[in-house]
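Okay, model21.cif is below, mmCIF, C-alpha atoms:
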data_run
#
loop_
_atom_site.label_atom_id
_atom_site.label_comp_id
_atom_site.auth_asym_id
_atom_site.auth_seq_id
_atom_site.Cartn_x
_atom_site.Cartn_y
_atom_site.Cartn_z
CA MET A 1 40.28 48.84 42.16
CA PHE A 2 39.79 46.87 38.97
CA LYS A 3 36.38 46.49 37.40
CA ASN A 4 35.55 43.57 35.12
CA LYS A 5 35.02 45.01 31.69
CA GLY A 6 34.87 41.75 29.66
CA ILE A 7 34.36 38.03 29.84
CA THR A 8 37.00 35.46 30.47
CA ILE A 9 37.95 32.64 28.11
CA LEU A 10 36.38 30.17 30.55
CA GLU A 11 33.04 31.97 30.37
CA THR A 12 33.24 31.98 26.55
CA LEU A 13 33.82 28.22 26.50
CA ILE A 14 30.91 27.59 28.86
CA TYR A 15 28.54 29.78 26.78
CA THR A 16 29.70 28.07 23.57
CA ALA A 17 29.11 24.62 25.08
CA ILE A 18 25.62 25.58 26.25
CA LEU A 19 24.77 27.07 22.84
CA GLY A 20 26.10 23.92 21.12
CA LEU A 21 23.96 21.71 23.37
CA VAL A 22 20.84 23.79 22.65
CA VAL A 23 21.45 23.72 18.87
CA PHE A 24 22.09 19.95 18.96
CA THR A 25 18.87 19.36 20.93
CA ILE A 26 16.84 21.46 18.48
CA PHE A 27 18.37 19.66 15.48
CA LYS A 28 17.73 16.22 16.98
CA SER A 29 14.14 17.13 17.83
CA LEU A 30 13.51 18.49 14.33
CA SER A 31 15.07 15.41 12.73
CA SER A 32 12.92 13.12 14.87
CA THR A 33 9.79 15.08 13.98
CA ILE A 34 10.53 14.84 10.25
CA THR A 35 11.16 11.08 10.47
CA THR A 36 7.93 10.57 12.42
CA HIS A 37 5.99 12.66 9.88
CA ARG A 38 7.37 10.55 7.01
CA ALA A 39 6.46 7.32 8.82
CA ILE A 40 2.90 8.52 9.49
CA LYS A 41 2.43 9.75 5.92
CA LEU A 42 3.80 6.46 4.56
CA SER A 43 1.48 4.45 6.82
CA GLN A 44 -1.51 6.49 5.64
CA THR A 45 -0.57 6.05 1.98
CA LEU A 46 0.06 2.33 2.45
CA GLU A 47 -3.21 1.70 4.30
CA SER A 48 -5.24 3.83 1.90
CA SER A 49 -3.81 2.22 -1.22
CA ALA A 50 -4.18 -1.26 0.26
CA ALA A 51 -7.79 -0.69 1.33
CA VAL A 52 -8.81 0.81 -2.02
CA SER A 53 -7.21 -1.95 -4.09
CA MET A 54 -8.54 -4.78 -1.89
CA GLU A 55 -12.04 -3.30 -1.85
CA ARG A 56 -11.97 -2.92 -5.65
CA ILE A 57 -11.00 -6.57 -6.14
CA LEU A 58 -13.60 -7.88 -3.68
CA ARG A 59 -16.35 -5.69 -5.16
CA GLU A 60 -15.57 -6.93 -8.68
CA ILE A 61 -15.59 -10.55 -7.48
CA ARG A 62 -19.00 -10.05 -5.84
CA ASN A 63 -20.39 -8.50 -9.03
CA ALA A 64 -18.94 -11.12 -11.39
CA ASP A 65 -20.87 -14.08 -12.75
CA SER A 66 -17.89 -16.35 -13.43
CA ILE A 67 -14.11 -16.76 -13.37
CA ASP A 68 -12.17 -17.37 -16.57
CA MET A 69 -10.15 -20.38 -15.38
CA GLY A 70 -8.13 -20.50 -18.62
CA VAL A 71 -6.54 -17.09 -17.99
CA SER A 72 -6.62 -16.89 -14.19
CA SER A 73 -3.62 -18.06 -12.18
CA PHE A 74 -4.32 -19.38 -8.68
CA ASN A 75 -2.23 -20.38 -5.64
CA SER A 76 0.95 -18.64 -6.79
CA SER A 77 2.36 -15.15 -6.95
CA PRO A 78 1.91 -13.14 -9.03
CA GLY A 79 -1.64 -14.32 -9.51
CA ILE A 80 -4.00 -13.30 -12.27
CA LEU A 81 -7.75 -13.12 -11.88
CA LYS A 82 -10.05 -12.69 -14.89
CA LEU A 83 -13.74 -12.27 -14.14
CA SER A 84 -16.76 -12.13 -16.44
CA GLY A 85 -20.06 -10.48 -15.73
CA ILE A 86 -22.93 -8.34 -16.94
CA ASP A 87 -22.99 -4.68 -15.97
CA GLU A 88 -26.00 -2.55 -15.00
CA ASN A 89 -26.75 -1.91 -18.72
CA ASP A 90 -26.92 -5.66 -19.47
CA VAL A 91 -23.59 -5.50 -21.35
CA ASP A 92 -21.10 -8.38 -21.01
CA TYR A 93 -17.71 -7.41 -19.64
CA THR A 94 -14.47 -8.93 -18.44
CA ILE A 95 -12.15 -7.51 -15.82
CA THR A 96 -8.62 -8.72 -15.11
CA PHE A 97 -6.44 -8.09 -12.07
CA ASP A 98 -2.70 -8.72 -12.33
CA LEU A 99 0.67 -7.57 -11.07
CA SER A 100 3.35 -5.91 -13.19
CA GLY A 101 6.57 -4.53 -11.74
CA GLY A 102 5.15 -4.46 -8.22
CA VAL A 103 2.09 -2.48 -9.34
CA MET A 104 -1.42 -3.95 -9.26
CA ARG A 105 -3.28 -3.36 -12.49
CA VAL A 106 -6.88 -3.71 -13.60
CA THR A 107 -7.92 -4.17 -17.21
CA LYS A 108 -11.55 -3.86 -18.30
CA ASP A 109 -12.48 -5.79 -21.44
CA SER A 110 -9.54 -5.40 -23.83
CA GLY A 111 -8.61 -1.90 -22.66
CA THR A 112 -5.34 -0.55 -21.39
CA PRO A 113 -4.26 -1.78 -17.95
CA ALA A 114 -4.56 0.90 -15.24
CA ALA A 115 -2.69 0.95 -11.93
CA ILE A 116 -4.90 0.77 -8.85
CA THR A 117 -2.14 1.18 -6.26
CA SER A 118 -0.15 4.28 -5.41
CA SER A 119 3.22 4.72 -7.10
CA ALA A 120 4.81 4.88 -3.63
CA ILE A 121 3.57 1.36 -2.86
CA THR A 122 5.01 -1.92 -4.12
CA ILE A 123 3.18 -5.23 -4.05
CA SER A 124 5.51 -8.11 -3.34
CA SER A 125 2.88 -10.85 -3.42
CA LEU A 126 -0.55 -11.21 -5.04
CA ILE A 127 -2.22 -14.59 -4.62
CA PHE A 128 -5.72 -15.62 -5.64
CA ARG A 129 -7.20 -18.85 -4.32
CA SER A 130 -10.28 -20.38 -5.91
CA VAL A 131 -12.85 -21.85 -3.53
CA SER A 132 -15.57 -23.89 -5.23
CA THR A 133 -18.38 -26.10 -4.04
CA SER A 134 -21.15 -27.77 -5.98
CA ASN A 135 -23.29 -24.62 -5.86
CA SER A 136 -20.95 -21.72 -5.14
CA GLU A 137 -17.77 -20.11 -6.31
CA ALA A 138 -15.57 -17.74 -4.33
CA VAL A 139 -12.08 -16.25 -4.32
CA ARG A 140 -9.67 -15.65 -1.44
CA VAL A 141 -7.25 -12.78 -2.05
CA GLU A 142 -3.86 -12.39 -0.33
CA ILE A 143 -1.79 -9.27 -0.95
CA SER A 144 1.51 -8.12 0.59
CA PHE A 145 2.15 -4.38 0.30
CA THR A 146 5.44 -2.55 0.95
CA GLY A 147 6.02 1.18 1.09
CA SER A 148 9.24 3.18 1.49
CA ALA A 149 9.85 6.88 1.95
CA GLY A 150 12.90 8.68 3.25
CA GLY A 151 14.51 5.65 4.85
CA VAL A 152 11.25 4.47 6.44
CA THR A 153 9.77 1.15 5.26
CA ARG A 154 6.39 -0.32 6.16
CA ASP A 155 4.81 -3.68 5.24
CA LEU A 156 1.14 -4.61 5.26
CA ASP A 157 -0.49 -7.97 4.50
CA LEU A 158 -4.19 -8.06 3.64
CA PHE A 159 -6.51 -11.02 3.19
CA GLY A 160 -9.98 -10.91 1.68
CA PHE A 161 -12.71 -13.27 0.61
CA ALA A 162 -15.68 -12.77 -1.71
CA VAL A 163 -18.37 -14.97 -3.21
CA LEU A 164 -19.39 -14.51 -6.84
CA ARG A 165 -22.88 -13.30 -7.68
CA GLY A 166 -25.41 -16.11 -7.88
CA SER A 167 -23.39 -18.29 -5.51
CA TYR A 168 -24.52 -19.08 -2.01
#
Translate this file's structure into structure tokens.
Amino acid sequence: MFKNKGITILETLIYTAILGLVVFTIFKSLSSTITTHRAIKLSQTLESSAAVSMERILREIRNADSIDMGVSSFNSSPGILKLSGIDENDVDYTITFDLSGGVMRVTKDSGTPAAITSSAITISSLIFRSVSTSNSEAVRVEISFTGSAGGVTRDLDLFGFAVLRGSY
């Protein structure tokens, strides 16, 4: 009698469908993994940049002796904060925090402004609020960060508060 020496068209279609399903599943899984990796990396960059910039501002406020009210801009975005103090070598200094093109900058004395946030991060709001009493001076800081990478967007709002040196 006859022996089967090949495969039928129906078997070919079934094998092709199974192979297509396996390839589709692998592609979808790989795509999902890449998107998740981008989201995690973006979250890490956003949180790191936000923490570093907020900590820098709060540390400088704590070390400062006074706020230059003539230059500083409070209760609106983008805010400007100019602080004056004396460093560890007993040298007077000023330090200014501002926002330019979504990038937070710091300027020491009359030097060149330097970015203190990652280039992948945009700041949409920077607000300084002055808090003064008869014997103390403090600043509340509100910053809204946004990061985007590969179609993934993350937002982070941070709030901080610091009292100037010599205040209580």
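Among A:Ala149, A:Val139, A:Thr12, A:Val131, the residue with the shortest atom-to-atom distance to His37 in chain A, counting all atoms listed in the file, is A:Ala149.
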Practice prompt. Return the single residue from A:Thr8, A:Tyr93, A:Phe128, A:Val52 that is closest to Gly111 in chain A, with distances computed using all atoms listed in the file.
Written response: A:Tyr93
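With CA of Val106 in chain A on one side and CA of Asp90 in chain A on the other, the separation reads 21.0 Å.
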Item to complete: Counting only C-alpha atoms, figure out which residue out of A:Ser100, A:Ser72, A:Ser53, A:Asn89 gets nearest to Glu142 in chain A.
Response: A:Ser53
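Residues with at least one atom no more than 9 Å from (-16.4, -15.5, -7.9), using all atoms listed in the file, are Glu60, Ile61, Arg62, Asn63, Ala64, Asp65, Ser66, Ile67, Leu83, Ser130, Val131, Ser132, Ser136, Glu137, Ala138, Val139, Ala162, Val163, Leu164, Arg165 and Ser167 of chain A.
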Practice prompt. Spell out the residues picked by the PyMOL selection byres ((chain A and resi 39) around 9) here, as a ChimeraX atom specification.
Written response: /A:34-38,40-44,148-150,152-154
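Minimum atom-to-atom distance to Met69 in chain A, evaluated using all atoms listed in the file, belongs to A:Leu81 out of A:Ala17, A:Leu81, A:Met104, A:Met54.
The shortest atom-to-atom distance to Ser77 in chain A, with all atoms listed in the file taken into account, belongs to A:Ile143 out of A:Ala115, A:Leu13, A:Ile143, A:Ile95.
Across the model, the gap from CA of Leu158 in chain A to CA of Ser144 in chain A is 6.5 Å.
Here CA of Phe159 in chain A stands at a distance of 5.6 Å from CA of Val141 in chain A.
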Item to complete: Identify the residues around (1.6, -13.8, -4.2) within a radius of 7 Å, measuring from all atoms listed in the file in the coordinates stated by the file, and give them as a PyMOL selection string.
Response: chain A and resi 76-79+124-127+142-143
Item to complete: Give as a VMD selection string the residues that the PyMOL selection byres ((chain A and resi 107) around 10) matches when applied to the coordinates above.
Response: chain A and resid 82 94 to 98 105 to 106 108 to 115
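Between Glu47 in chain A and the residues A:Phe74, A:Tyr15, A:Phe145, A:Phe27, the shortest atom-to-atom distance, using all atoms listed in the file, involves A:Phe145.
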